[in-house]
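Colleague: Supplied in structure tokens, the structure appears directly below.
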Amino acid sequence: MSSNHILREISMRRWIAAAGLFASLYVSGGTAAADNLVDPPVFASQNGVLDIMMIATPQPIAGISFTPPNSHAIIHPTGWVYQVCPRPASGLSCPSNSRTVAPYGGVRLAMQPGDTLKIRYVNRLPKLDPLKLRHVTDPGEANLFLNPSNLHTHGLITPARTPTVSDPTFGDFVFVTVFNSANGIPTPQATHQHGPIVMDTVDYKIAIPPNHPSGLFWFHPHVHGIALNQLVEGLSGIITIGRVGDNVRGDAAVTPWPDTHVRHLMLKETQVLAGGTIGFDSGPQPVANGEVLNQEDPDFCAQTPANGETRQGSCPGQDNTADEGNNYTGGKWYMTVNGQQFPTVPITAPDGEVWRVATGAGSLSWDLKLVDDETHRPMTVQLLAIDGVSVHLPQDTTPGAMVEMAGGRFKVVPCPDVSVVGSTLPVCVNEIVMMPSARTEFWVTYRDAAGRITAPRHGASATLKMAGLTMGSGDSWPAVDLAKVLFNQSGGREFTSRQVVVGGSTDAAGLHQPNGIFREQVAGAHAAAATMSAAETNATAGACVPLPKGHRRRIFFGFSDVTVNNTFALGYEEVDQHGRVVPGSQKPGPDRLEQFDPAHTTVCLPLGPGQTPVTETWELVQLSTENHNFHIHQTRFAMTGSNGGVLQDNFPLGVAAPDHSISDQVANDQNGVCTVAQWRSGHCVSPPKAFDIPFAELGEFVYHCHILEHEDGGMMARVKVVPAAF
Ligand SMILES: [Cu+2]
């Protein structure tokens, strides 16, 4: 967290007012001399199944060449990658042949609706130095230094299933932890036990419903307390379901967008140290030359480059010792696309390309702009999908409504010269903010300064920039150029209209239609009475009752102890149709917040009558002057009142605005976090944001802030969906 109070105040206002409008931070110089961007290696399902082995393992990062100070040596820092291969007949290692890959940038798993994803997950990660980790002394976390791992299929609407006698596989269940036996044997914990402990390997079987939306998803490890460390070392990859053409069409809404003109861009970021001594929570520790700092520090680089400094795929470590921080001089913070440092993206198709952008960042939020190298102005692109669901909005949606529904994560600009096709509003943007876990898909083709599609002038190019971003009173993320884009488009266009058309059976509207995943009977759900013992039924009936009509669940985002800045936590209460708090509903107690306990279920609900999805309304209340984003597993959500207009699986909550008369107290004495009591009295202004959340999958899962420093710190809670009693 930033200790600079002035920056904090300015940036807070900037975020509130912005709706994605951030000042352009700098103009870059320099020329591209890098390799062309390569799409991630693909493992595609065949005959309805993708059956692979995925090994989390250390490996030098080929795409990052680190030269330490006072040296000409080139070091490829060792990160952690997923080695992936078709599942071998036996054993826990991949054969060394052409079908085994282990890219730091990650692979893409290409699935179709109705497919089954089978993964044999193997943990070969190294043991860690507990003195360089956070949370190892938190309750229940004594095993973290053994580097347990697991897998979450982010955004997939599938059951959070546990094994049964007849089926030993797990579904998308984040409470199981896989330990590498070479690191030692974990000690079962008396409290805060994560869940089942398995040694070396676990089998996942994830059935993708036949009516699952086509879209862009991703996978990553999800062990509480160490998720940040594992992501910034490199562990993540892309999942696609279906094709872009399922929901995106060219002229006259007829021709599906061709797969040949689609790119996948996985953005990652990793900090590399130049040796010396670095301060951790435990105190100063020696670090190696080329060592990855997986307990990431947002202050590693200056937010903006010095005069004349060019940042192509990295920024230089800075000396923070004057501000009681670390000296990162000689180190570098790499920001890569598909594991490549500042690649070139040649666009040759006359109709341009669809870019599907995902982020494997840990805590960092990207502020992306495609800046024309000649005009230095951000170029217009057409937005197609958010978080794996295509953007299908009525023609009369205003830009302001669009910005609000998406939590201010885009700067919306006019789409020039478009004709009305179908009922879908084309949405154009020229700036995209992606908080951790977000996905954004858009159409890139050459446009002039007014945003009009035109033939590119000779040599036209642009730079994909991370513009730098400050998260309210929280972290500041640095500006770095990510890629060079060359507009080598020539020849006649196939799609001659000025827009591509979004819409289809699996877009936002389709999910709530008959046969849609949020309307159909839940697969595998049976009446509770038929499958449970009397004791289980009673226990379930006591804890898992439907939310009464008109009631809402309210979630607070703040600290469990407002005087201690690492106690990220959530609060819970139920409110009735008059907005009154339901007595006895508050967890962990009146006006209190609690850090995540994996053994504690905060929300439990049954499916609707006949085992159908049930939609609840949740109110999210931000108590912090630092941004958070809300994410919930096994479903997605839309702002209440938007008729499902923008369906997303992460939402930027903005920041709370403390009353001026107490702002110094909140900002200085309480680490920028209001108490629930201050919020109730109106001394901390933060209107609740309400979302409709359909629950269409069974099991135990989580909701949390996806800034992984915050999730690991405790800003997460457990939710359980059980079958209906009838
Ligand atoms: Cu957060």
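Residues are named by chain letter and number: chains run A, B, ... in the order of the structure tokens, numbers start at 1 in each chain, and ligands are numbered from 1 in the order shown.
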I'd like to know which residues of region 169-319 of chain A are alpha helix (DSSP H) (by DSSP, run on the backbone); could you write them as JSON, numbers by chain?

Modeller: {"A": [227, 228, 229, 230, 231, 232]}

Colleague: Emit the selected residues as an mmCIF file, in the first residue's frame, including all heavy atoms.

Modeller:
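See result_31.cif below for the written result:
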data_model
loop_
_atom_site.group_PDB
_atom_site.id
_atom_site.type_symbol
_atom_site.label_atom_id
_atom_site.label_comp_id
_atom_site.auth_asym_id
_atom_site.auth_seq_id
_atom_site.Cartn_x
_atom_site.Cartn_y
_atom_site.Cartn_z
ATOM 1 N N ALA A 227 -1.792 -17.809 -3.157
ATOM 2 C CA ALA A 227 -2.264 -17.637 -4.541
ATOM 3 C C ALA A 227 -1.444 -16.572 -5.265
ATOM 4 O O ALA A 227 -1.035 -16.755 -6.423
ATOM 5 C CB ALA A 227 -3.747 -17.280 -4.554
ATOM 6 N N LEU A 228 -1.177 -15.451 -4.595
ATOM 7 C CA LEU A 228 -0.386 -14.381 -5.220
ATOM 8 C C LEU A 228 0.967 -14.915 -5.674
ATOM 9 O O LEU A 228 1.377 -14.719 -6.822
ATOM 10 C CB LEU A 228 -0.186 -13.225 -4.230
ATOM 11 C CG LEU A 228 0.805 -12.152 -4.670
ATOM 12 C CD1 LEU A 228 0.265 -11.374 -5.860
ATOM 13 C CD2 LEU A 228 1.137 -11.203 -3.521
ATOM 14 N N ASN A 229 1.664 -15.605 -4.774
ATOM 15 C CA ASN A 229 3.006 -16.097 -5.073
ATOM 16 C C ASN A 229 3.003 -17.013 -6.293
ATOM 17 O O ASN A 229 3.876 -16.938 -7.146
ATOM 18 C CB ASN A 229 3.558 -16.852 -3.857
ATOM 19 C CG ASN A 229 3.354 -16.077 -2.571
ATOM 20 O OD1 ASN A 229 2.230 -15.917 -2.114
ATOM 21 N ND2 ASN A 229 4.429 -15.578 -1.982
ATOM 22 N N GLN A 230 2.003 -17.892 -6.378
ATOM 23 C CA GLN A 230 1.994 -18.866 -7.470
ATOM 24 C C GLN A 230 1.615 -18.226 -8.801
ATOM 25 O O GLN A 230 2.109 -18.644 -9.852
ATOM 26 C CB GLN A 230 1.074 -20.040 -7.117
ATOM 27 C CG GLN A 230 1.622 -20.823 -5.912
ATOM 28 C CD GLN A 230 0.918 -22.131 -5.649
ATOM 29 O OE1 GLN A 230 -0.074 -22.464 -6.287
ATOM 30 N NE2 GLN A 230 1.417 -22.888 -4.682
ATOM 31 N N LEU A 231 0.763 -17.203 -8.776
ATOM 32 C CA LEU A 231 0.417 -16.553 -10.048
ATOM 33 C C LEU A 231 1.561 -15.708 -10.592
ATOM 34 O O LEU A 231 1.864 -15.759 -11.780
ATOM 35 C CB LEU A 231 -0.867 -15.723 -9.923
ATOM 36 C CG LEU A 231 -2.083 -16.562 -10.314
ATOM 37 C CD1 LEU A 231 -2.687 -17.245 -9.120
ATOM 38 C CD2 LEU A 231 -3.095 -15.786 -11.099
ATOM 39 N N VAL A 232 2.221 -14.912 -9.715
ATOM 40 C CA VAL A 232 3.269 -14.045 -10.255
ATOM 41 C C VAL A 232 4.512 -14.839 -10.657
ATOM 42 O O VAL A 232 5.336 -14.357 -11.433
ATOM 43 C CB VAL A 232 3.643 -12.894 -9.299
ATOM 44 C CG1 VAL A 232 2.437 -12.026 -9.018
ATOM 45 C CG2 VAL A 232 4.268 -13.386 -8.026
#

Colleague: Please return as a ChimeraX atom specification the residues found within 6 Å of ligand 1, counting only C-alpha atoms and all ligand atoms.

Modeller: /A:628-629,705,707,710

Colleague: Running DSSP on the backbone, which parts of region 100-284 of chain A land in strand (DSSP E or B), as a PyMOL selection string?

Modeller: chain A and resi 101+108-111+116-123+149+152-154+160+170+177-179+197-199+201-207+215-220+237-241+248-249+256+262-280+283-284

Colleague: Near region 650-654 of chain A, counting only C-alpha atoms, which residues have an atom at most 8 Å away, once you skip same-chain residues fewer than 2 positions from it, shown as number ranges by chain?

Modeller: A: 15-16, 387, 406-409, 435, 437-438, 472, 620, 622, 626-632, 648, 656, 689, 706

Colleague: Based on the selection just made, write N, CA, C and O atoms of those residues as a short mmCIF file (atom, residue, chain, number, x, y, z; two decimals), in the first residue's frame.

Modeller:
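Generated output (selection_28.cif):
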data_model
loop_
_atom_site.label_atom_id
_atom_site.label_comp_id
_atom_site.auth_asym_id
_atom_site.auth_seq_id
_atom_site.Cartn_x
_atom_site.Cartn_y
_atom_site.Cartn_z
N TRP A 15 -10.17 8.22 -9.46
CA TRP A 15 -10.87 6.98 -9.77
C TRP A 15 -12.38 7.19 -9.72
O TRP A 15 -13.13 6.75 -10.57
N ILE A 16 -12.86 7.92 -8.72
CA ILE A 16 -14.29 8.13 -8.58
C ILE A 16 -14.83 8.85 -9.81
O ILE A 16 -15.84 8.48 -10.37
N ASP A 387 -15.51 -10.73 -19.47
CA ASP A 387 -15.50 -11.87 -18.55
C ASP A 387 -16.17 -13.11 -19.16
O ASP A 387 -16.84 -13.88 -18.48
N ALA A 406 -20.62 -1.71 -15.95
CA ALA A 406 -19.34 -2.41 -15.99
C ALA A 406 -18.36 -1.88 -14.95
O ALA A 406 -17.18 -2.22 -14.97
N GLY A 407 -18.84 -1.04 -14.04
CA GLY A 407 -17.99 -0.59 -12.95
C GLY A 407 -16.88 0.36 -13.38
O GLY A 407 -15.82 0.39 -12.77
N GLY A 408 -17.11 1.15 -14.43
CA GLY A 408 -16.13 2.16 -14.84
C GLY A 408 -14.86 1.58 -15.41
O GLY A 408 -13.81 2.22 -15.37
N ARG A 409 -14.93 0.40 -15.98
CA ARG A 409 -13.68 -0.21 -16.43
C ARG A 409 -13.35 0.11 -17.89
O ARG A 409 -12.34 -0.35 -18.40
N MET A 435 -8.99 -5.30 -13.90
CA MET A 435 -8.56 -5.72 -12.56
C MET A 435 -8.24 -7.21 -12.61
O MET A 435 -8.59 -7.90 -13.57
N SER A 437 -8.25 -10.98 -12.80
CA SER A 437 -9.20 -12.00 -13.25
C SER A 437 -10.08 -11.55 -14.40
O SER A 437 -10.81 -12.36 -14.96
N ALA A 438 -10.04 -10.28 -14.80
CA ALA A 438 -10.92 -9.80 -15.86
C ALA A 438 -10.53 -10.39 -17.22
O ALA A 438 -9.37 -10.73 -17.45
N GLY A 472 -7.17 3.93 -5.92
CA GLY A 472 -7.64 4.68 -4.77
C GLY A 472 -6.49 4.96 -3.84
O GLY A 472 -5.42 5.42 -4.25
N LEU A 620 -23.20 -5.04 -2.26
CA LEU A 620 -21.78 -4.99 -1.92
C LEU A 620 -21.46 -3.59 -1.39
O LEU A 620 -21.80 -2.59 -2.03
N GLN A 622 -18.45 -1.14 -0.08
CA GLN A 622 -17.02 -0.89 -0.02
C GLN A 622 -16.75 0.02 1.19
O GLN A 622 -17.30 1.12 1.27
N GLU A 626 -9.38 2.15 -0.81
CA GLU A 626 -8.60 1.41 -1.79
C GLU A 626 -9.55 0.53 -2.60
O GLU A 626 -10.49 -0.04 -2.05
N ASN A 627 -9.32 0.40 -3.90
CA ASN A 627 -10.21 -0.41 -4.73
C ASN A 627 -10.17 -1.88 -4.35
O ASN A 627 -9.13 -2.41 -3.96
N HIS A 628 -11.31 -2.54 -4.49
CA HIS A 628 -11.39 -4.00 -4.46
C HIS A 628 -12.27 -4.43 -5.63
O HIS A 628 -13.02 -3.63 -6.16
N ASN A 629 -12.17 -5.70 -6.01
CA ASN A 629 -13.17 -6.21 -6.96
C ASN A 629 -13.81 -7.46 -6.39
O ASN A 629 -13.20 -8.22 -5.64
N PHE A 630 -15.07 -7.61 -6.73
CA PHE A 630 -15.87 -8.75 -6.24
C PHE A 630 -15.86 -9.83 -7.30
O PHE A 630 -16.10 -9.58 -8.47
N HIS A 631 -15.58 -11.05 -6.86
CA HIS A 631 -15.63 -12.22 -7.75
C HIS A 631 -16.31 -13.36 -7.01
O HIS A 631 -16.09 -13.56 -5.82
N ILE A 632 -17.17 -14.09 -7.71
CA ILE A 632 -17.79 -15.28 -7.11
C ILE A 632 -17.64 -16.43 -8.09
O ILE A 632 -17.74 -16.26 -9.31
N GLN A 648 -20.95 -10.28 -15.68
CA GLN A 648 -19.52 -10.30 -15.44
C GLN A 648 -19.20 -11.22 -14.27
O GLN A 648 -20.10 -11.62 -13.53
N ALA A 656 -14.71 4.00 -1.11
CA ALA A 656 -15.55 4.74 -0.17
C ALA A 656 -15.02 6.17 -0.05
O ALA A 656 -13.83 6.41 -0.18
N LYS A 689 -23.75 -1.38 -3.91
CA LYS A 689 -24.00 -1.74 -5.30
C LYS A 689 -24.71 -3.09 -5.29
O LYS A 689 -24.24 -4.04 -4.68
N HIS A 706 -10.46 -10.29 -5.93
CA HIS A 706 -9.48 -11.01 -6.74
C HIS A 706 -8.12 -10.32 -6.80
O HIS A 706 -7.22 -10.77 -7.50
#

Colleague: Can you tell me which residues surround Val345 (chain A) at a distance of at most 9 Å, considering only C-alpha atoms, apart from same-chain residues fewer than 6 positions away, and format the answer as a list in words?

Modeller: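 The neighbour list is Asp35, Asn36, Leu37, Val38, Ala483, Lys484, Val485, Leu486 and Phe487 of chain A.
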
Colleague: When you look at region 47-63 of chain A with a cut-off of 6 Å (counting only C-alpha atoms), what residues show up, excluding the ones that are within fewer than 6 positions of it in the same chain? I need them as a list in words.

Modeller: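 Non-adjacent residues within range: His76, Pro77, Thr78, Gly79, Trp80, Val81, Tyr82, Gln83, Val84, Cys85, Pro86, Arg87, Asp115, Thr116, Leu117, Lys118, Ile119, Arg120, Tyr121, Val122, Asn123, Arg124, Leu125, Gly339 and Gln340 of chain A.
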
Colleague: Fewer than 2 positions away in the same chain doesn't count, so skip those; otherwise give me all residues within 8 Å of Val287 (chain A), counting only C-alpha atoms, as a list in words.

Modeller: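 Non-adjacent residues within range: Leu273, Ala274, Gly275, Gly276, Thr277, Ile278, Gln285, Asn289 and Glu291 of chain A.
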
Colleague: For CA of Leu482 (chain A) and CA of Asn326 (chain A), determine how far apart the two atoms are, in Å to one decimal place.

Modeller: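 Between CA of Leu482 (chain A) and CA of Asn326 (chain A) the gap is 25.5 Å.
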
Colleague: I'd like to know which of A:Gly503, A:Pro126, A:Trp333, A:Gly155 is closest to Trp257 (chain A), using only C-alpha atoms.

Modeller: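 Once distances to Trp257 (chain A) are computed over only C-alpha atoms, the minimum belongs to A:Gly503.
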
Colleague: With a distance cut-off of 9 Å and only C-alpha atoms, select the neighbouring residues of region 317-321 of chain A, excluding the residue or stretch itself and same-chain residues fewer than 4 positions from it, and output the selection as a PDB file with N, CA, C and O atoms, in the first residue's frame.

Modeller:
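Writing the result to result_21.pdb gives the following:
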ATOM      1  N   GLN A 271       8.370  -9.914 -11.007  1.00  0.00           N
ATOM      2  CA  GLN A 271       9.466  -9.060 -10.524  1.00  0.00           C
ATOM      3  C   GLN A 271      10.724  -9.905 -10.315  1.00  0.00           C
ATOM      4  O   GLN A 271      10.674 -10.938  -9.643  1.00  0.00           O
ATOM      5  N   VAL A 272      11.840  -9.428 -10.890  1.00  0.00           N
ATOM      6  CA  VAL A 272      13.112 -10.147 -10.801  1.00  0.00           C
ATOM      7  C   VAL A 272      14.120  -9.285 -10.035  1.00  0.00           C
ATOM      8  O   VAL A 272      14.313  -8.108 -10.356  1.00  0.00           O
ATOM      9  N   LEU A 273      14.763  -9.901  -9.031  1.00  0.00           N
ATOM     10  CA  LEU A 273      15.683  -9.182  -8.147  1.00  0.00           C
ATOM     11  C   LEU A 273      17.126  -9.304  -8.636  1.00  0.00           C
ATOM     12  O   LEU A 273      17.484 -10.263  -9.327  1.00  0.00           O
ATOM     13  N   ASP A 299       5.549  -1.267  -5.200  1.00  0.00           N
ATOM     14  CA  ASP A 299       6.456  -0.120  -5.323  1.00  0.00           C
ATOM     15  C   ASP A 299       7.801  -0.498  -5.951  1.00  0.00           C
ATOM     16  O   ASP A 299       8.780   0.231  -5.830  1.00  0.00           O
ATOM     17  N   PHE A 300       7.853  -1.639  -6.627  1.00  0.00           N
ATOM     18  CA  PHE A 300       9.109  -2.124  -7.221  1.00  0.00           C
ATOM     19  C   PHE A 300       9.684  -1.114  -8.214  1.00  0.00           C
ATOM     20  O   PHE A 300      10.887  -0.854  -8.222  1.00  0.00           O
ATOM     21  N   CYS A 301       8.829  -0.559  -9.084  1.00  0.00           N
ATOM     22  CA  CYS A 301       9.257   0.444 -10.071  1.00  0.00           C
ATOM     23  C   CYS A 301       8.589   1.774  -9.750  1.00  0.00           C
ATOM     24  O   CYS A 301       7.542   1.820  -9.117  1.00  0.00           O
ATOM     25  N   ALA A 302       9.160   2.868 -10.271  1.00  0.00           N
ATOM     26  CA  ALA A 302       8.448   4.146 -10.266  1.00  0.00           C
ATOM     27  C   ALA A 302       7.214   4.007 -11.154  1.00  0.00           C
ATOM     28  O   ALA A 302       7.240   3.301 -12.160  1.00  0.00           O
ATOM     29  N   GLY A 325      11.362   1.644   2.300  1.00  0.00           N
ATOM     30  CA  GLY A 325      11.120   0.468   1.475  1.00  0.00           C
ATOM     31  C   GLY A 325      12.413  -0.214   1.076  1.00  0.00           C
ATOM     32  O   GLY A 325      13.478   0.042   1.649  1.00  0.00           O
ATOM     33  N   ASN A 326      12.329  -1.073   0.073  1.00  0.00           N
ATOM     34  CA  ASN A 326      13.486  -1.835  -0.379  1.00  0.00           C
ATOM     35  C   ASN A 326      14.224  -1.123  -1.497  1.00  0.00           C
ATOM     36  O   ASN A 326      13.655  -0.313  -2.231  1.00  0.00           O
ATOM     37  N   ASN A 327      15.476  -1.505  -1.676  1.00  0.00           N
ATOM     38  CA  ASN A 327      16.248  -1.016  -2.817  1.00  0.00           C
ATOM     39  C   ASN A 327      16.222  -2.078  -3.912  1.00  0.00           C
ATOM     40  O   ASN A 327      16.859  -3.118  -3.795  1.00  0.00           O
ATOM     41  N   TYR A 328      15.441  -1.804  -4.962  1.00  0.00           N
ATOM     42  CA  TYR A 328      15.311  -2.762  -6.063  1.00  0.00           C
ATOM     43  C   TYR A 328      16.205  -2.391  -7.251  1.00  0.00           C
ATOM     44  O   TYR A 328      16.020  -2.913  -8.354  1.00  0.00           O
ATOM     45  N   THR A 329      17.147  -1.486  -7.042  1.00  0.00           N
ATOM     46  CA  THR A 329      18.020  -1.046  -8.137  1.00  0.00           C
ATOM     47  C   THR A 329      18.693  -2.260  -8.791  1.00  0.00           C
ATOM     48  O   THR A 329      19.236  -3.123  -8.092  1.00  0.00           O
ATOM     49  N   GLY A 330      18.656  -2.288 -10.102  1.00  0.00           N
ATOM     50  CA  GLY A 330      19.247  -3.410 -10.848  1.00  0.00           C
ATOM     51  C   GLY A 330      18.246  -4.497 -11.157  1.00  0.00           C
ATOM     52  O   GLY A 330      18.463  -5.312 -12.050  1.00  0.00           O
ATOM     53  N   GLY A 331      17.152  -4.539 -10.411  1.00  0.00           N
ATOM     54  CA  GLY A 331      16.094  -5.509 -10.696  1.00  0.00           C
ATOM     55  C   GLY A 331      15.175  -5.006 -11.794  1.00  0.00           C
ATOM     56  O   GLY A 331      15.243  -3.840 -12.206  1.00  0.00           O
ATOM     57  N   LYS A 332      14.332  -5.892 -12.289  1.00  0.00           N
ATOM     58  CA  LYS A 332      13.373  -5.499 -13.333  1.00  0.00           C
ATOM     59  C   LYS A 332      12.028  -6.165 -13.084  1.00  0.00           C
ATOM     60  O   LYS A 332      11.964  -7.306 -12.643  1.00  0.00           O
ATOM     61  N   TRP A 333      10.995  -5.401 -13.413  1.00  0.00           N
ATOM     62  CA  TRP A 333       9.624  -5.921 -13.337  1.00  0.00           C
ATOM     63  C   TRP A 333       9.164  -6.142 -14.775  1.00  0.00           C
ATOM     64  O   TRP A 333       9.034  -5.181 -15.536  1.00  0.00           O
TER      65      TRP A 333
END

Colleague: Considering only C-alpha atoms, can you say which of A:Gly388, A:Gly571, A:Gly140, A:Gly234 comes closest to Gln189 (chain A)?

Modeller: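 Closest candidate: A:Gly140.
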
Colleague: Tell me, in Å to one decimal, how far CA of Ile64 (chain A) is from CA of Tyr334 (chain A).

Modeller: 7.6 Å

Colleague: My list of candidates is A:Ile239, A:Leu570, A:Met471, A:Cys684. Which is closest to Tyr703 (chain A) when distances are computed with only C-alpha atoms?

Modeller: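 Among A:Ile239, A:Leu570, A:Met471, A:Cys684, it is A:Leu570 that comes nearest to Tyr703 (chain A).
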
Colleague: Looking at A:Lys587, A:Gly645, A:Arg519, A:Met199, which one is nearest to Val391 (chain A), with distances taken over only C-alpha atoms?

Modeller: A:Gly645

Colleague: Please tabulate, as a tab-separated table, the residues of region 184-229 of chain A that come within 8 Å of region 158-163 of chain A, each with its closest pair of atoms and the distance in Å to one decimal, counting only C-alpha atoms and ordering rows by chain, then residue number upward.

Modeller:
residue	atom	partner	partner_atom	distance
A:Ile206	CA	A:Thr158	CA	7.0
A:Ala207	CA	A:Thr158	CA	6.7
A:Ile208	CA	A:Thr158	CA	6.2
A:Pro209	CA	A:Thr158	CA	7.1

Colleague: With N, CA, C and O atoms retained, export the selected residues as an mmCIF file, in the first residue's frame.

Modeller:
data_model
loop_
_atom_site.group_PDB
_atom_site.id
_atom_site.type_symbol
_atom_site.label_atom_id
_atom_site.label_comp_id
_atom_site.auth_asym_id
_atom_site.auth_seq_id
_atom_site.Cartn_x
_atom_site.Cartn_y
_atom_site.Cartn_z
ATOM 1 N N ILE A 206 -14.105 -32.004 -15.015
ATOM 2 C CA ILE A 206 -14.967 -30.826 -15.054
ATOM 3 C C ILE A 206 -15.872 -30.934 -16.270
ATOM 4 O O ILE A 206 -15.419 -30.821 -17.419
ATOM 5 N N ALA A 207 -17.143 -31.213 -15.987
ATOM 6 C CA ALA A 207 -18.132 -31.358 -17.057
ATOM 7 C C ALA A 207 -18.673 -29.976 -17.415
ATOM 8 O O ALA A 207 -19.232 -29.281 -16.571
ATOM 9 N N ILE A 208 -18.496 -29.593 -18.660
ATOM 10 C CA ILE A 208 -18.977 -28.284 -19.109
ATOM 11 C C ILE A 208 -20.396 -28.458 -19.639
ATOM 12 O O ILE A 208 -20.621 -29.237 -20.569
ATOM 13 N N PRO A 209 -21.358 -27.780 -19.034
ATOM 14 C CA PRO A 209 -22.750 -27.985 -19.450
ATOM 15 C C PRO A 209 -22.945 -27.705 -20.942
ATOM 16 O O PRO A 209 -22.277 -26.833 -21.510
#
